[in-house]
file query-v3.txt (compact mmCIF, C-alpha atoms)
# COMPACT_ATOMS: atom_id res chain seq x y z
CA MET A 1 77.83 -8.84 62.36
CA SER A 2 77.08 -11.74 64.60
CA ALA A 3 74.12 -9.87 66.10
CA LYS A 4 72.83 -9.32 62.57
CA ARG A 5 73.06 -13.07 61.86
CA PHE A 6 71.33 -13.81 65.12
CA TRP A 7 68.36 -11.60 64.22
CA LEU A 8 68.16 -13.05 60.70
CA ALA A 9 68.14 -16.55 62.16
CA CYS A 10 65.39 -15.53 64.60
CA ALA A 11 63.34 -14.00 61.78
CA ALA A 12 63.76 -17.15 59.68
CA ALA A 13 62.73 -19.36 62.59
CA ALA A 14 59.66 -17.19 63.20
CA MET A 15 58.67 -17.41 59.54
CA LEU A 16 59.03 -21.19 59.54
CA SER A 17 57.00 -21.52 62.74
CA LEU A 18 54.21 -19.50 61.09
CA ALA A 19 54.34 -21.43 57.80
CA ALA A 20 53.43 -24.82 59.30
CA PRO A 21 50.06 -23.70 60.79
CA LEU A 22 49.27 -21.76 57.63
CA ALA A 23 49.93 -24.83 55.49
CA ALA A 24 47.75 -26.96 57.78
CA HIS A 25 44.99 -24.33 57.60
CA ALA A 26 45.21 -24.27 53.80
CA GLN A 27 44.93 -28.07 53.70
CA GLU A 28 41.86 -27.94 55.99
CA ARG A 29 40.34 -25.28 53.73
CA ASP A 30 40.97 -27.46 50.64
CA ASP A 31 39.34 -30.44 52.38
CA ASP A 32 36.34 -28.30 53.34
CA HIS A 33 36.18 -26.98 49.79
CA LYS A 34 35.76 -30.52 48.44
CA ASP A 35 32.51 -30.88 50.42
CA GLU A 36 31.09 -27.81 48.76
CA VAL A 37 27.76 -28.26 46.99
CA LEU A 38 27.82 -27.12 43.38
CA VAL A 39 25.15 -27.02 40.68
CA LEU A 40 25.01 -28.47 37.16
CA GLY A 41 23.79 -25.74 34.85
CA ASP A 42 23.53 -21.99 35.18
CA GLY A 43 20.49 -21.65 37.41
CA PRO A 44 20.05 -21.87 41.15
CA ALA A 45 20.11 -25.29 42.81
CA ALA A 46 16.81 -27.11 42.40
CA GLY A 47 15.77 -30.60 43.39
CA ARG A 48 17.54 -33.26 45.36
CA GLN A 49 21.31 -33.54 45.38
CA LEU A 50 22.65 -35.93 42.76
CA THR A 51 24.18 -39.17 43.92
CA ARG A 52 27.67 -39.98 42.70
CA GLU A 53 26.22 -42.38 40.09
CA GLN A 54 23.65 -39.81 38.88
CA LEU A 55 26.40 -37.22 38.65
CA ARG A 56 28.55 -39.61 36.61
CA GLN A 57 25.65 -40.23 34.22
CA CYS A 58 24.96 -36.50 33.89
CA LEU A 59 28.62 -35.78 33.18
CA GLN A 60 28.65 -38.49 30.51
CA MET A 61 25.57 -36.92 28.96
CA GLN A 62 27.28 -33.57 28.31
CA PRO A 63 29.52 -34.70 25.39
CA GLN A 64 26.60 -36.68 23.98
CA LEU A 65 24.50 -33.52 24.01
CA LYS A 66 27.19 -31.67 22.11
CA THR A 67 27.58 -34.47 19.56
CA ARG A 68 23.84 -34.83 19.01
CA GLY A 69 23.45 -31.07 18.77
CA ASP A 70 26.24 -30.85 16.20
CA GLU A 71 24.71 -33.69 14.17
CA ALA A 72 21.26 -32.09 14.24
CA THR A 73 22.72 -28.71 13.27
CA HIS A 74 24.67 -30.28 10.40
CA ALA A 75 21.59 -32.11 9.10
CA ARG A 76 19.54 -28.91 9.31
CA ALA A 77 22.27 -26.95 7.49
CA GLU A 78 22.22 -29.48 4.63
CA LEU A 79 18.46 -29.03 4.29
CA ASP A 80 18.81 -25.26 4.41
CA THR A 81 21.41 -25.37 1.61
CA LEU A 82 19.13 -27.51 -0.53
CA LYS A 83 16.24 -25.13 0.12
CA LYS A 84 18.34 -22.10 -0.85
CA ASN A 85 19.42 -23.83 -4.06
CA PHE A 86 15.80 -24.73 -4.81
CA ASP A 87 14.62 -21.15 -4.17
CA ARG A 88 17.38 -19.71 -6.37
CA LEU A 89 16.57 -22.14 -9.16
CA GLU A 90 12.83 -21.51 -8.81
CA THR A 91 13.43 -17.76 -9.18
CA GLU A 92 15.51 -18.37 -12.30
CA LEU A 93 12.82 -20.62 -13.77
CA GLN A 94 10.07 -18.06 -13.17
CA SER A 95 12.15 -15.36 -14.79
CA GLU A 96 13.00 -17.54 -17.82
CA ARG A 97 9.45 -18.86 -18.20
CA ALA A 98 8.12 -15.41 -19.04
CA ARG A 99 10.66 -14.84 -21.82
CA LEU A 100 11.21 -18.42 -23.06
CA ASN A 101 11.21 -18.76 -26.84
CA THR A 102 9.45 -22.10 -27.31
CA SER A 103 10.66 -22.37 -30.90
CA ASP A 104 14.31 -22.29 -29.77
CA LYS A 105 15.16 -25.94 -29.04
CA ALA A 106 18.36 -25.07 -27.11
CA ALA A 107 16.48 -22.63 -24.87
CA VAL A 108 13.73 -25.18 -24.21
CA ASP A 109 16.32 -27.90 -23.48
CA GLY A 110 18.12 -25.57 -21.05
CA TYR A 111 14.86 -24.74 -19.33
CA ASN A 112 13.91 -28.42 -19.10
CA ALA A 113 17.34 -29.22 -17.63
CA LYS A 114 16.71 -26.66 -14.89
CA LEU A 115 13.29 -28.21 -14.27
CA ALA A 116 14.96 -31.61 -13.92
CA ARG A 117 17.50 -30.14 -11.53
CA ARG A 118 14.68 -28.61 -9.48
CA LYS A 119 12.98 -32.00 -9.35
CA ASP A 120 16.27 -33.60 -8.18
CA LEU A 121 16.64 -30.97 -5.46
CA VAL A 122 13.12 -31.71 -4.21
CA ALA A 123 13.81 -35.46 -4.20
CA GLU A 124 17.13 -34.97 -2.35
CA TYR A 125 15.48 -32.68 0.21
CA ASN A 126 12.64 -35.14 0.78
CA ALA A 127 15.10 -38.02 1.13
CA LYS A 128 17.19 -36.17 3.77
CA LEU A 129 14.27 -34.71 5.69
CA PRO A 130 13.39 -37.83 7.77
CA ALA A 131 17.00 -38.33 8.88
CA ALA A 132 17.29 -34.65 9.84
CA ASN A 133 14.06 -34.89 11.81
CA ASP A 134 15.34 -38.03 13.56
CA GLU A 135 18.58 -36.26 14.51
CA ALA A 136 16.62 -33.33 15.90
CA GLN A 137 14.31 -35.69 17.81
CA ARG A 138 17.25 -37.61 19.34
CA TYR A 139 18.85 -34.35 20.41
CA ASN A 140 15.60 -32.99 21.87
CA THR A 141 14.97 -36.23 23.78
CA LEU A 142 18.47 -36.20 25.28
CA GLN A 143 18.18 -32.50 26.09
CA ASP A 144 14.83 -33.09 27.82
CA HIS A 145 16.41 -35.91 29.83
CA TRP A 146 19.27 -33.56 30.80
CA LYS A 147 16.87 -30.80 31.83
CA THR A 148 14.69 -33.04 33.98
CA GLY A 149 17.44 -35.15 35.52
CA CYS A 150 20.58 -33.03 35.63
CA GLU A 151 20.15 -29.33 34.98
CA ASP A 152 20.35 -27.13 38.07
CA ARG A 153 20.67 -30.18 40.33
CA PRO A 154 23.11 -29.81 43.22
CA TYR A 155 26.03 -32.20 43.63
CA SER A 156 28.92 -32.66 45.99
CA GLU A 157 32.31 -31.49 44.82
CA ALA A 158 33.76 -34.51 46.65
CA ASP A 159 31.60 -36.79 44.47
CA TYR A 160 32.78 -34.92 41.39
CA ALA A 161 36.41 -35.34 42.41
CA SER A 162 35.89 -39.06 43.05
CA ILE A 163 34.70 -39.80 39.51
CA PRO A 164 37.86 -41.16 37.86
CA TYR A 165 37.22 -40.16 34.28
CA ARG A 166 34.89 -37.25 33.64
CA LYS A 167 34.26 -37.35 29.92

call {"tool": "encode", "arguments": {"input": "query-v3.txt", "output": "structure tokens"}}
result
Amino acid sequence: MSAKRFWLACAAAAMLSLAAPLAAHAQERDDDHKDEVLVLGDGPAAGRQLTREQLRQCLQMQPQLKTRGDEATHARAELDTLKKNFDRLETELQSERARLNTSDKAAVDGYNAKLARRKDLVAEYNAKLPAANDEAQRYNTLQDHWKTGCEDRPYSEADYASIPYRK
């Protein structure tokens, strides 16, 4: 039994003596990994490596791009809904126009109410159009800035790790 304990103790000591160099090697590998050059975007690295400050600005731009894109998409969706409602109403009006009994006051009043609603839809669409175009323009400008200044630019992983708050 004592020989068995001796060999177990030897095996444990050997394992511990191997673990220390392995841990040091893993730490060196992690330190080397932090100096790795990575790329913003999906393409191959292009252009000069970003400085830490440029990288910080590019990282701050990403949530802005998402927000601006969502706002532009929402504004466009509102216009699309108005356009669909207009088209549906226009189809109804064309159908009713052909069979409208002009001597039936209720039918004429109903038709005129739909005409008024169509006019309101056009006014609402025209009122929202400039704001939707502005949203799209702001998004496109920011996206162009991202593409020319950040996309596919290399950066140091150490710089990335040194930026305290990456939002």

call {"tool": "residues_around", "arguments": {"input": "query-v3.txt", "residues": "region 134-151 of chain A", "least_positions_apart": "4", "cutoff": "10 Å", "atoms": "only C-alpha atoms", "output": "PyMOL selection string"}}
result
chain A and resi 39-47+49-50+54-55+57-59+61-62+64-76+129-130+155

call {"tool": "residues_around", "arguments": {"input": "query-v3.txt", "residues": "Leu121 (chain A)", "least_positions_apart": "5", "cutoff": "9 Å", "atoms": "only C-alpha atoms", "output": "JSON, numbers by chain"}}
result
{"A": [82, 83, 85, 86, 116, 126]}

call {"tool": "closest_residue", "arguments": {"input": "query-v3.txt", "among": "A:Arg48, A:Leu79, A:Glu53, A:Glu96", "to": "Lys128 (chain A)", "atoms": "only C-alpha atoms"}}
result
A:Leu79

call {"tool": "atom_distance", "arguments": {"input": "query-v3.txt", "atom1": "CA of Tyr125 (chain A)", "atom2": "CA of Gln94 (chain A)"}}
result
20.5 Å

call {"tool": "closest_residue", "arguments": {"input": "query-v3.txt", "among": "A:Glu36, A:Asp120, A:Asp152, A:Ala132", "to": "Ala77 (chain A)", "atoms": "only C-alpha atoms"}}
result
A:Ala132

call {"tool": "atom_distance", "arguments": {"input": "query-v3.txt", "atom1": "CA of Val108 (chain A)", "atom2": "CA of Leu93 (chain A)"}}
result
11.4 Å

call {"tool": "atom_distance", "arguments": {"input": "query-v3.txt", "atom1": "CA of Val37 (chain A)", "atom2": "CA of Ser156 (chain A)"}}
result
4.7 Å

call {"tool": "closest_residue", "arguments": {"input": "query-v3.txt", "among": "A:Lys105, A:Ala161, A:Thr51, A:Leu89", "to": "Arg117 (chain A)", "atoms": "only C-alpha atoms"}}
result
A:Leu89
